[in-house]
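Structure data (TSV, C-alpha atoms) from query-v5.tsv:
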chain	number	residue	atom	x	y	z
A	9	MET	CA	-39.18	34.85	26.38
A	10	LEU	CA	-36.16	34.20	24.16
A	11	GLN	CA	-34.99	31.41	26.48
A	12	ASP	CA	-38.43	29.78	26.25
A	13	LYS	CA	-38.25	29.89	22.45
A	14	GLU	CA	-34.74	28.41	22.45
A	15	LEU	CA	-35.85	25.64	24.80
A	16	GLU	CA	-38.85	24.89	22.60
A	17	THR	CA	-36.63	24.69	19.50
A	18	GLN	CA	-34.19	22.40	21.31
A	19	LEU	CA	-36.98	20.07	22.46
A	20	GLN	CA	-38.37	19.96	18.92
A	21	PHE	CA	-34.93	18.94	17.62
A	22	ILE	CA	-34.55	16.25	20.29
A	23	GLU	CA	-37.98	14.83	19.47
A	24	SER	CA	-37.11	14.78	15.76
A	25	ALA	CA	-33.70	13.23	16.47
A	26	ILE	CA	-35.29	10.44	18.52
A	27	ASP	CA	-37.55	9.63	15.57
A	28	SER	CA	-34.52	9.54	13.26
A	29	LEU	CA	-32.63	7.27	15.65
A	30	ASN	CA	-35.62	4.94	15.77
A	31	THR	CA	-35.59	4.87	11.96
A	32	LEU	CA	-31.89	3.99	11.91
A	33	GLU	CA	-32.37	1.24	14.46
A	34	ALA	CA	-35.38	-0.18	12.62
A	35	VAL	CA	-33.45	-0.25	9.33
A	36	LEU	CA	-30.62	-2.21	10.92
A	37	LEU	CA	-32.87	-4.62	12.79
A	38	GLU	CA	-34.99	-5.35	9.72
A	39	VAL	CA	-32.59	-7.98	8.48
A	40	LYS	CA	-34.17	-11.06	6.99
A	41	PHE	CA	-32.86	-14.56	7.51
A	42	ASN	CA	-30.50	-14.12	4.53
A	43	ARG	CA	-29.14	-10.93	6.21
A	44	GLN	CA	-30.03	-8.64	3.31
A	45	ILE	CA	-31.01	-4.96	3.53
A	46	ALA	CA	-32.72	-3.37	0.54
A	47	LEU	CA	-31.14	-0.26	-0.96
A	48	GLN	CA	-34.33	1.69	-0.24
A	49	LYS	CA	-33.90	0.98	3.48
A	50	ILE	CA	-30.24	2.03	3.39
A	51	ASN	CA	-31.25	5.33	1.77
A	52	ALA	CA	-33.73	5.88	4.59
A	53	GLY	CA	-30.82	5.45	7.00
A	54	VAL	CA	-28.75	8.03	5.12
A	55	LYS	CA	-31.58	10.57	5.36
A	56	ALA	CA	-32.16	9.88	9.06
A	57	ALA	CA	-28.47	10.34	9.95
A	58	HIS	CA	-28.29	13.45	7.75
A	59	SER	CA	-31.26	14.95	9.61
A	60	ILE	CA	-29.59	14.41	12.99
A	61	LYS	CA	-26.30	15.84	11.74
A	62	GLY	CA	-27.89	19.04	10.41
A	63	GLY	CA	-30.16	19.60	13.41
A	64	ALA	CA	-27.39	18.95	15.93
A	65	GLY	CA	-25.15	21.40	14.10
A	66	MET	CA	-27.82	24.11	14.28
A	67	MET	CA	-28.27	23.44	18.01
A	68	GLY	CA	-24.54	23.71	18.65
A	69	PHE	CA	-24.23	20.02	19.62
A	70	ARG	CA	-20.95	19.56	17.77
A	71	THR	CA	-20.03	16.09	18.98
A	72	LEU	CA	-23.47	14.74	18.16
A	73	SER	CA	-23.35	16.38	14.73
A	74	ALA	CA	-19.86	15.02	13.97
A	75	LEU	CA	-20.76	11.46	14.99
A	76	ALA	CA	-24.04	11.58	13.06
A	77	HIS	CA	-21.98	12.69	10.06
A	78	ARG	CA	-19.72	9.65	10.45
A	79	LEU	CA	-22.72	7.36	10.69
A	80	GLU	CA	-24.25	9.03	7.63
A	81	ASP	CA	-21.03	8.39	5.72
A	82	SER	CA	-21.20	4.74	6.79
A	83	PHE	CA	-24.67	4.38	5.32
A	84	LYS	CA	-23.53	6.15	2.15
A	85	VAL	CA	-20.84	3.52	1.72
A	86	LEU	CA	-23.55	0.88	2.01
A	87	THR	CA	-25.38	2.48	-0.92
A	88	THR	CA	-22.52	1.45	-3.18
A	89	GLN	CA	-24.16	-1.96	-3.28
A	90	LYS	CA	-26.23	-2.40	-6.43
A	91	ASP	CA	-29.46	-3.81	-5.02
A	92	SER	CA	-28.90	-4.98	-1.46
A	93	LEU	CA	-26.18	-5.52	1.09
A	94	GLU	CA	-25.26	-8.74	2.84
A	95	LEU	CA	-24.93	-7.54	6.41
A	96	ASP	CA	-22.97	-9.88	8.67
A	97	ILE	CA	-23.48	-9.90	12.42
A	98	ASP	CA	-20.28	-7.97	13.22
A	99	LEU	CA	-21.09	-5.10	10.82
A	100	GLN	CA	-24.69	-4.98	12.02
A	101	SER	CA	-23.47	-4.81	15.64
A	102	LEU	CA	-21.06	-1.97	14.84
A	103	LEU	CA	-23.75	0.07	13.10
A	104	LEU	CA	-26.20	-0.52	15.95
A	105	ALA	CA	-23.50	0.50	18.44
A	106	GLY	CA	-23.04	3.74	16.50
A	107	VAL	CA	-26.78	4.44	16.72
A	108	ASP	CA	-26.71	3.66	20.44
A	109	TRP	CA	-23.90	6.16	21.00
A	110	LEU	CA	-25.89	8.87	19.25
A	111	ARG	CA	-28.83	8.02	21.50
A	112	GLN	CA	-26.69	8.21	24.65
A	113	ILE	CA	-25.22	11.59	23.70
A	114	LEU	CA	-28.65	12.95	22.79
A	115	LYS	CA	-29.93	11.87	26.22
A	116	LEU	CA	-27.06	13.69	27.91
A	117	HIS	CA	-27.97	16.88	26.03
A	118	LEU	CA	-31.60	16.43	27.03
A	119	GLU	CA	-30.63	16.12	30.69
A	120	GLY	CA	-28.23	19.06	30.51
A	121	TYR	CA	-24.98	17.17	31.12
A	122	THR	CA	-21.59	18.13	29.66
A	123	ILE	CA	-20.12	15.62	27.23
A	124	ASP	CA	-16.82	14.31	28.62
A	125	GLU	CA	-14.19	14.10	25.86
A	126	GLN	CA	-12.13	11.46	27.68
A	127	TRP	CA	-15.21	9.26	28.00
A	128	LEU	CA	-15.81	9.59	24.28
A	129	ALA	CA	-12.18	8.88	23.40
A	130	THR	CA	-12.13	5.77	25.57
A	131	PHE	CA	-15.46	4.17	24.74
A	132	CYS	CA	-17.21	5.93	21.84
A	133	TYR	CA	-14.66	6.89	19.19
A	134	PRO	CA	-13.16	3.37	18.89
A	135	VAL	CA	-16.56	2.11	17.70
A	136	PHE	CA	-16.68	4.63	14.86
A	137	GLU	CA	-13.02	4.07	14.00
A	138	GLU	CA	-13.62	0.32	13.73
A	139	LEU	CA	-16.71	0.98	11.64
A	140	GLN	CA	-14.77	3.27	9.30
A	141	GLU	CA	-12.01	0.69	8.97
A	142	ARG	CA	-14.51	-2.07	8.20
A	143	LEU	CA	-16.40	-0.06	5.59
A	144	GLY	CA	-13.17	1.25	4.10
A	145	ASP	CA	-12.28	-2.34	3.36
A	146	LEU	CA	-15.71	-2.82	1.82
A	147	VAL	CA	-15.13	0.03	-0.63
A	148	SER	CA	-11.56	-0.87	-1.52
A	149	GLU	CA	-12.14	-4.58	-1.96
A	150	GLU	CA	-15.67	-4.90	-3.28
A	151	ASN	CA	-16.72	-1.57	-4.75
A	152	LEU	CA	-13.77	-0.02	-6.53
A	153	THR	CA	-15.96	0.35	-9.62
A	154	ILE	CA	-18.16	2.84	-7.78
A	155	LEU	CA	-15.23	5.26	-7.88
A	156	SER	CA	-14.70	4.94	-11.61
A	157	PRO	CA	-15.70	7.83	-13.91
A	158	ASP	CA	-17.29	5.25	-16.21
A	159	ASN	CA	-20.25	4.54	-13.93
A	160	GLU	CA	-22.66	6.28	-11.57
A	161	LEU	CA	-20.09	8.25	-9.56
A	162	GLN	CA	-20.97	11.56	-11.20
A	163	ASP	CA	-24.62	11.06	-10.32
A	164	ILE	CA	-23.71	10.33	-6.70
A	165	ILE	CA	-21.44	13.39	-6.51
A	166	SER	CA	-24.10	15.63	-8.07
A	167	LEU	CA	-26.74	14.39	-5.62
A	168	LEU	CA	-24.54	15.03	-2.59
A	169	PHE	CA	-23.60	18.53	-3.78
A	170	GLN	CA	-27.26	19.35	-4.42
A	171	THR	CA	-28.26	18.22	-0.93
A	172	GLU	CA	-25.51	18.02	1.69
A	173	VAL	CA	-23.22	20.72	0.29
A	174	GLU	CA	-26.11	23.06	-0.47
A	175	ASP	CA	-27.36	22.63	3.11
A	176	CYS	CA	-23.91	23.65	4.38
A	177	LEU	CA	-23.75	26.69	2.11
A	178	GLN	CA	-27.19	27.90	3.16
A	179	ARG	CA	-26.19	27.47	6.81
A	180	LEU	CA	-23.00	29.44	6.13
A	181	GLU	CA	-24.97	32.31	4.58
A	182	SER	CA	-27.07	32.46	7.74
A	183	LEU	CA	-23.96	32.39	9.95
A	184	ILE	CA	-22.41	35.32	8.05
A	185	LEU	CA	-25.47	37.42	8.81
A	186	ASN	CA	-26.02	36.41	12.43
A	187	SER	CA	-22.76	35.26	14.07
A	188	GLU	CA	-19.99	36.97	16.00
A	189	LYS	CA	-16.43	36.78	14.64
A	190	SER	CA	-15.21	34.08	17.05
A	191	VAL	CA	-18.29	31.93	16.51
A	192	LEU	CA	-18.05	32.38	12.75
A	193	GLN	CA	-14.42	31.26	12.69
A	194	ASP	CA	-15.18	28.09	14.67
A	195	GLU	CA	-18.24	27.20	12.60
A	196	VAL	CA	-16.57	27.75	9.22
A	197	THR	CA	-13.55	25.71	10.32
A	198	LEU	CA	-15.84	22.86	11.34
A	199	MET	CA	-17.69	23.16	8.03
A	200	ALA	CA	-14.43	23.07	6.05
A	201	ILE	CA	-13.40	19.88	7.87
A	202	GLU	CA	-16.81	18.34	7.19
A	203	LEU	CA	-16.77	19.22	3.49
A	204	GLY	CA	-13.14	18.16	3.19
A	205	GLY	CA	-14.14	14.74	4.52
A	206	LEU	CA	-16.84	14.55	1.88
A	207	GLY	CA	-14.25	15.42	-0.79
A	208	GLU	CA	-12.01	12.60	0.43
A	209	MET	CA	-14.87	10.11	0.40
A	210	LEU	CA	-15.72	11.06	-3.20
A	211	GLN	CA	-12.06	11.23	-4.21
A	212	LEU	CA	-12.39	14.87	-5.26
A	213	GLN	CA	-8.79	15.86	-4.53
A	214	PRO	CA	-9.09	19.52	-5.68
A	215	PHE	CA	-12.17	20.04	-3.47
A	216	THR	CA	-10.36	18.46	-0.50
A	217	LEU	CA	-7.39	20.78	-1.09
A	218	LEU	CA	-9.74	23.77	-1.25
A	219	CYS	CA	-11.23	22.87	2.14
A	220	LYS	CA	-7.72	22.45	3.59
A	221	SER	CA	-6.76	25.88	2.23
A	222	ILE	CA	-9.78	27.40	3.94
A	223	THR	CA	-8.95	25.86	7.34
A	224	GLU	CA	-5.32	27.00	7.06
A	225	GLN	CA	-6.27	30.57	6.21
A	226	LEU	CA	-8.84	30.69	9.00
A	227	GLU	CA	-6.21	29.63	11.54
A	228	ALA	CA	-4.03	32.62	10.67
A	229	ALA	CA	-6.78	35.03	9.65
A	230	GLU	CA	-7.49	38.40	11.18
A	231	GLU	CA	-10.20	39.17	8.62
A	232	VAL	CA	-12.43	36.19	9.39
A	233	GLU	CA	-15.42	37.71	7.61
A	234	GLU	CA	-13.41	38.22	4.41
A	235	ILE	CA	-12.04	34.67	4.46
A	236	THR	CA	-15.55	33.35	5.09
A	237	GLN	CA	-16.92	35.25	2.09
A	238	LEU	CA	-14.10	33.91	-0.09
A	239	ALA	CA	-14.79	30.38	1.17
A	240	LEU	CA	-18.50	30.73	0.39
A	241	GLN	CA	-17.72	31.98	-3.13
A	242	ALA	CA	-15.22	29.18	-3.77
A	243	TRP	CA	-17.59	26.47	-2.49
A	244	ARG	CA	-20.43	27.82	-4.61
A	245	GLN	CA	-18.15	27.93	-7.65
A	246	SER	CA	-17.10	24.34	-6.95
A	247	LYS	CA	-20.71	23.22	-6.70
A	248	THR	CA	-21.52	24.86	-10.05
A	249	LEU	CA	-18.51	23.28	-11.74
A	250	ILE	CA	-19.36	19.85	-10.37
A	251	LEU	CA	-23.00	20.05	-11.43
A	252	THR	CA	-21.90	21.09	-14.93
A	253	HIS	CA	-19.37	18.23	-15.13
A	254	GLN	CA	-16.28	20.50	-15.00
A	255	ILE	CA	-14.46	18.74	-12.16
A	256	ASP	CA	-11.06	19.39	-13.77
A	257	SER	CA	-11.63	23.14	-13.27
A	258	LEU	CA	-12.23	23.01	-9.51
A	259	PRO	CA	-10.29	25.61	-7.46
A	260	THR	CA	-7.83	24.20	-4.92
A	261	LYS	CA	-7.44	27.26	-2.69
A	262	ILE	CA	-9.04	30.58	-1.89
A	263	THR	CA	-7.27	33.74	-2.99
A	264	HIS	CA	-8.18	37.36	-3.59
A	265	LYS	CA	-7.53	36.67	-7.27
A	266	LEU	CA	-10.29	34.07	-7.13
A	267	ALA	CA	-12.65	36.61	-5.62
A	268	ASP	CA	-11.84	39.14	-8.35
A	269	SER	CA	-12.48	36.47	-10.98
A	270	LEU	CA	-15.82	35.55	-9.47
A	271	ASN	CA	-16.92	39.15	-9.12
A	272	SER	CA	-16.07	39.88	-12.76
A	273	CYS	CA	-18.50	37.15	-13.79
A	274	VAL	CA	-21.41	38.73	-11.93
Mind turning the file's structure into C-alpha cells?
Amino acid sequence: MLQDKELETQLQFIESAIDSLNTLEAVLLEVKFNRQIALQKINAGVKAAHSIKGGAGMMGFRTLSALAHRLEDSFKVLTTQKDSLELDIDLQSLLLAGVDWLRQILKLHLEGYTIDEQWLATFCYPVFEELQERLGDLVSEENLTILSPDNELQDIISLLFQTEVEDCLQRLESLILNSEKSVLQDEVTLMAIELGGLGEMLQLQPFTLLCKSITEQLEAAEEVEEITQLALQAWRQSKTLILTHQIDSLPTKITHKLADSLNSCV
C-alpha cells in the first residue's frame, strides 16, 4: 500500500515536471524576429525551473534537482535585464540544451534507470558549465549595477529569501522530524551547498560563509541533529535580518553561543 502511494506521488511529480519543462521550452522558443524575450516570460521560466528543483529534491532525485537549480539560476540572471533580453542563437541553444538534459534525466527516472555519473560528466555538465560562464560574463559586463546597493538588489534578495530560502527551511523542518541521522546529514549538506550558491550569486559573503561553516561542521559532526538545529536557527535568523535590512549583522558561522543568543530572545 505504501509502495503504491509512493509510486503515485512519483508519477504526479513526473507529470508536473514535464509540464514545467514544456513551459521552459516554450519560453525559449517564443523568440520574435528581433530575438527579444519579455521579462514576464523569463519569470515564468524561473518559476518552472524552481518547481522542478523542489519536486526533484523531495523525490530524492538529487542530480535532477541540482541541474534544475543551475537552470533556475540561469533564468534569474536573465531577470537582471530591465524590460527584455536580447537572446542570441548561441545562448538560446545553450538554454534549450539545459532543458533537454533535464528532460532526458527525468525520462531515465521514469523508466527506472540509474543515472551514470561519467555520462553526465562527459556530456551533460559541460553544457551547464558553458552556460554559467556565458551568463557570468553577462552579469559582470552588462549588469554590474544590479549588484549595487543603490538599486533593486535588496528587493531581489528579499524576494528570494521569502520564496526559495523559506522553501528550504520548511523542507528542513520536515526532515528533522522524519529522517534518519545519515539521511539528515546528507540532505542538510546538500541544502547548505545550495544556499551557499545562492549567497554567492547575491554577493552575500556572510551568508555564504555561514553555509560553508555548516557543511564543515556536518563533515566532522557526531551530533548531526544538534548541528542541524543550529543550522536551522542560523538560517532563520539570517532570513529575518535580511528582510529587516540588517545584512551587516548576518552570522558567518554556527556556534553554541549563537544558539544561546537565539534562545534568550524567545
message = Taking 3 positions as the minimum chain separation for residues in the same chain, which residues sit within 12 Å of A:Lys220 when counting only C-alpha atoms? Answer as a ChimeraX atom specification.
response = /A:196-205,207-208,213-217,223-227,239,259-262
request  = Could you check which of A:Arg179, A:Lys49, A:Arg244, A:His117 is closest to A:Leu258, using all atoms listed in the file?
outcome  =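 With all atoms listed in the file as the atom set, the closest residue is A:Arg244.
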query = Within 12 Å of (-20.9, 28.8, 16.3), in the coordinates the file gives, what residues turn up when you count only C-alpha atoms, written out as a PyMOL selection string?
reply = chain A and resi 64-70+179-180+182-184+186-199
request  = Tell me which of A:Val39, A:Ile60, A:Ala228, A:Val107 sits closest to A:Cys132, counting all atoms listed in the file.
outcome  = A:Val107
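One finds atom CA of A:Ser24 at 12.0 Å from atom CA of A:His58.
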query = For A:Val173, which residue out of A:Arg142, A:Arg43, A:Lys247, A:Lys61 is the nearest one, using all atoms listed in the file?
reply =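 Between A:Arg142, A:Arg43, A:Lys247, A:Lys61, the residue approaching A:Val173 most closely is A:Lys247.
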note = Nearest to A:Glu80, restricted to all atoms listed in the file and choosing among A:Leu238, A:Ile26, A:Ile123, A:Val54, comes out as A:Val54
message = I'd like to know which of A:Leu139, A:Leu218, A:Ile113, A:Leu251 is closest to A:Leu167, using all atoms listed in the file.
response =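 Using all atoms listed in the file, the shortest distance to A:Leu167 belongs to A:Leu251.
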inquiry  = For a quick check of understanding, using all atoms listed in the file, which of A:Leu249, A:Asn30, A:Gly63, A:Leu79 has the smallest distance to A:Thr17?
reply    =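 Of A:Leu249, A:Asn30, A:Gly63, A:Leu79, the one nearest A:Thr17 is A:Gly63, counting all atoms listed in the file.
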If we count all atoms listed in the file, what is near stretch 101-106 of chain A at a cut-off of 9 Å, once residues fewer than 6 positions away on the same chain are taken out, given as a PDB file with C-alpha atoms, in the frame of the given file?
ATOM      1  CA  LEU A  32     -31.890   3.990  11.910  1.00  0.00           C
ATOM      2  CA  GLU A  33     -32.370   1.240  14.460  1.00  0.00           C
ATOM      3  CA  LEU A  36     -30.620  -2.210  10.920  1.00  0.00           C
ATOM      4  CA  LEU A  37     -32.870  -4.620  12.790  1.00  0.00           C
ATOM      5  CA  LEU A  75     -20.760  11.460  14.990  1.00  0.00           C
ATOM      6  CA  ALA A  76     -24.040  11.580  13.060  1.00  0.00           C
ATOM      7  CA  LEU A  79     -22.720   7.360  10.690  1.00  0.00           C
ATOM      8  CA  SER A  82     -21.200   4.740   6.790  1.00  0.00           C
ATOM      9  CA  PHE A  83     -24.670   4.380   5.320  1.00  0.00           C
ATOM     10  CA  CYS A 132     -17.210   5.930  21.840  1.00  0.00           C
ATOM     11  CA  VAL A 135     -16.560   2.110  17.700  1.00  0.00           C
ATOM     12  CA  PHE A 136     -16.680   4.630  14.860  1.00  0.00           C
ATOM     13  CA  GLU A 138     -13.620   0.320  13.730  1.00  0.00           C
ATOM     14  CA  LEU A 139     -16.710   0.980  11.640  1.00  0.00           C
TER      15      LEU A 139
END
Have stretch 17-53 of chain A completed to N, CA and C atoms, please, and pass it along as a compact mmCIF listing (two decimals), in the coordinates of the input.
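Result file follows (part_30.txt):
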# COMPACT_ATOMS: atom_id res chain seq x y z
N THR A 17 -37.32 25.13 20.71
CA THR A 17 -36.63 24.69 19.50
C THR A 17 -35.75 23.47 19.79
N GLN A 18 -35.05 23.51 20.93
CA GLN A 18 -34.19 22.40 21.31
C GLN A 18 -34.99 21.12 21.54
N LEU A 19 -36.14 21.25 22.20
CA LEU A 19 -36.98 20.07 22.46
C LEU A 19 -37.55 19.52 21.16
N GLN A 20 -37.88 20.41 20.22
CA GLN A 20 -38.37 19.96 18.92
C GLN A 20 -37.28 19.18 18.19
N PHE A 21 -36.03 19.67 18.25
CA PHE A 21 -34.93 18.94 17.62
C PHE A 21 -34.76 17.57 18.26
N ILE A 22 -34.76 17.52 19.58
CA ILE A 22 -34.55 16.25 20.29
C ILE A 22 -35.64 15.24 19.92
N GLU A 23 -36.87 15.71 19.85
CA GLU A 23 -37.98 14.83 19.47
C GLU A 23 -37.78 14.30 18.05
N SER A 24 -37.36 15.18 17.14
CA SER A 24 -37.11 14.78 15.76
C SER A 24 -35.93 13.81 15.69
N ALA A 25 -34.88 14.09 16.48
CA ALA A 25 -33.70 13.23 16.47
C ALA A 25 -34.03 11.83 17.00
N ILE A 26 -34.88 11.74 17.99
CA ILE A 26 -35.29 10.44 18.52
C ILE A 26 -36.00 9.64 17.43
N ASP A 27 -36.86 10.31 16.68
CA ASP A 27 -37.55 9.63 15.57
C ASP A 27 -36.54 9.12 14.54
N SER A 28 -35.53 9.94 14.24
CA SER A 28 -34.52 9.54 13.26
C SER A 28 -33.69 8.36 13.77
N LEU A 29 -33.37 8.38 15.07
CA LEU A 29 -32.63 7.27 15.65
C LEU A 29 -33.45 5.98 15.61
N ASN A 30 -34.74 6.11 15.86
CA ASN A 30 -35.62 4.94 15.77
C ASN A 30 -35.65 4.39 14.35
N THR A 31 -35.63 5.30 13.37
CA THR A 31 -35.59 4.87 11.96
C THR A 31 -34.30 4.11 11.67
N LEU A 32 -33.18 4.65 12.12
CA LEU A 32 -31.89 3.99 11.91
C LEU A 32 -31.87 2.60 12.54
N GLU A 33 -32.36 2.52 13.75
CA GLU A 33 -32.37 1.24 14.46
C GLU A 33 -33.27 0.23 13.75
N ALA A 34 -34.44 0.70 13.31
CA ALA A 34 -35.38 -0.18 12.62
C ALA A 34 -34.80 -0.70 11.31
N VAL A 35 -34.08 0.16 10.59
CA VAL A 35 -33.45 -0.25 9.33
C VAL A 35 -32.46 -1.38 9.59
N LEU A 36 -31.66 -1.23 10.64
CA LEU A 36 -30.62 -2.21 10.92
C LEU A 36 -31.18 -3.51 11.49
N LEU A 37 -32.28 -3.42 12.19
CA LEU A 37 -32.87 -4.62 12.79
C LEU A 37 -33.75 -5.38 11.80
N GLU A 38 -34.13 -4.71 10.71
CA GLU A 38 -34.99 -5.35 9.72
C GLU A 38 -34.15 -6.16 8.74
N VAL A 39 -33.44 -7.12 9.28
CA VAL A 39 -32.59 -7.98 8.48
C VAL A 39 -33.25 -9.35 8.39
N LYS A 40 -33.51 -9.78 7.18
CA LYS A 40 -34.17 -11.06 6.99
C LYS A 40 -33.20 -12.20 7.28
N PHE A 41 -33.67 -13.40 7.20
CA PHE A 41 -32.86 -14.56 7.51
C PHE A 41 -31.62 -14.66 6.62
N ASN A 42 -31.67 -14.09 5.42
CA ASN A 42 -30.50 -14.12 4.53
C ASN A 42 -29.60 -12.89 4.75
N ARG A 43 -29.93 -12.08 5.78
CA ARG A 43 -29.14 -10.93 6.21
C ARG A 43 -28.97 -9.88 5.12
N GLN A 44 -30.03 -9.63 4.38
CA GLN A 44 -30.03 -8.64 3.31
C GLN A 44 -30.80 -7.38 3.75
N ILE A 45 -30.29 -6.22 3.33
CA ILE A 45 -31.01 -4.96 3.53
C ILE A 45 -31.20 -4.33 2.16
N ALA A 46 -32.42 -3.98 1.84
CA ALA A 46 -32.72 -3.37 0.54
C ALA A 46 -32.12 -1.97 0.47
N LEU A 47 -31.73 -1.58 -0.75
CA LEU A 47 -31.14 -0.26 -0.96
C LEU A 47 -32.07 0.86 -0.50
N GLN A 48 -33.36 0.68 -0.67
CA GLN A 48 -34.33 1.69 -0.24
C GLN A 48 -34.23 1.93 1.27
N LYS A 49 -34.03 0.86 2.02
CA LYS A 49 -33.90 0.98 3.48
C LYS A 49 -32.60 1.69 3.84
N ILE A 50 -31.52 1.37 3.12
CA ILE A 50 -30.24 2.03 3.39
C ILE A 50 -30.36 3.53 3.13
N ASN A 51 -31.04 3.91 2.06
CA ASN A 51 -31.25 5.33 1.77
C ASN A 51 -32.02 6.03 2.87
N ALA A 52 -32.98 5.32 3.46
CA ALA A 52 -33.73 5.88 4.59
C ALA A 52 -32.80 6.13 5.77
N GLY A 53 -31.81 5.25 5.95
CA GLY A 53 -30.82 5.45 7.00
C GLY A 53 -29.94 6.66 6.75
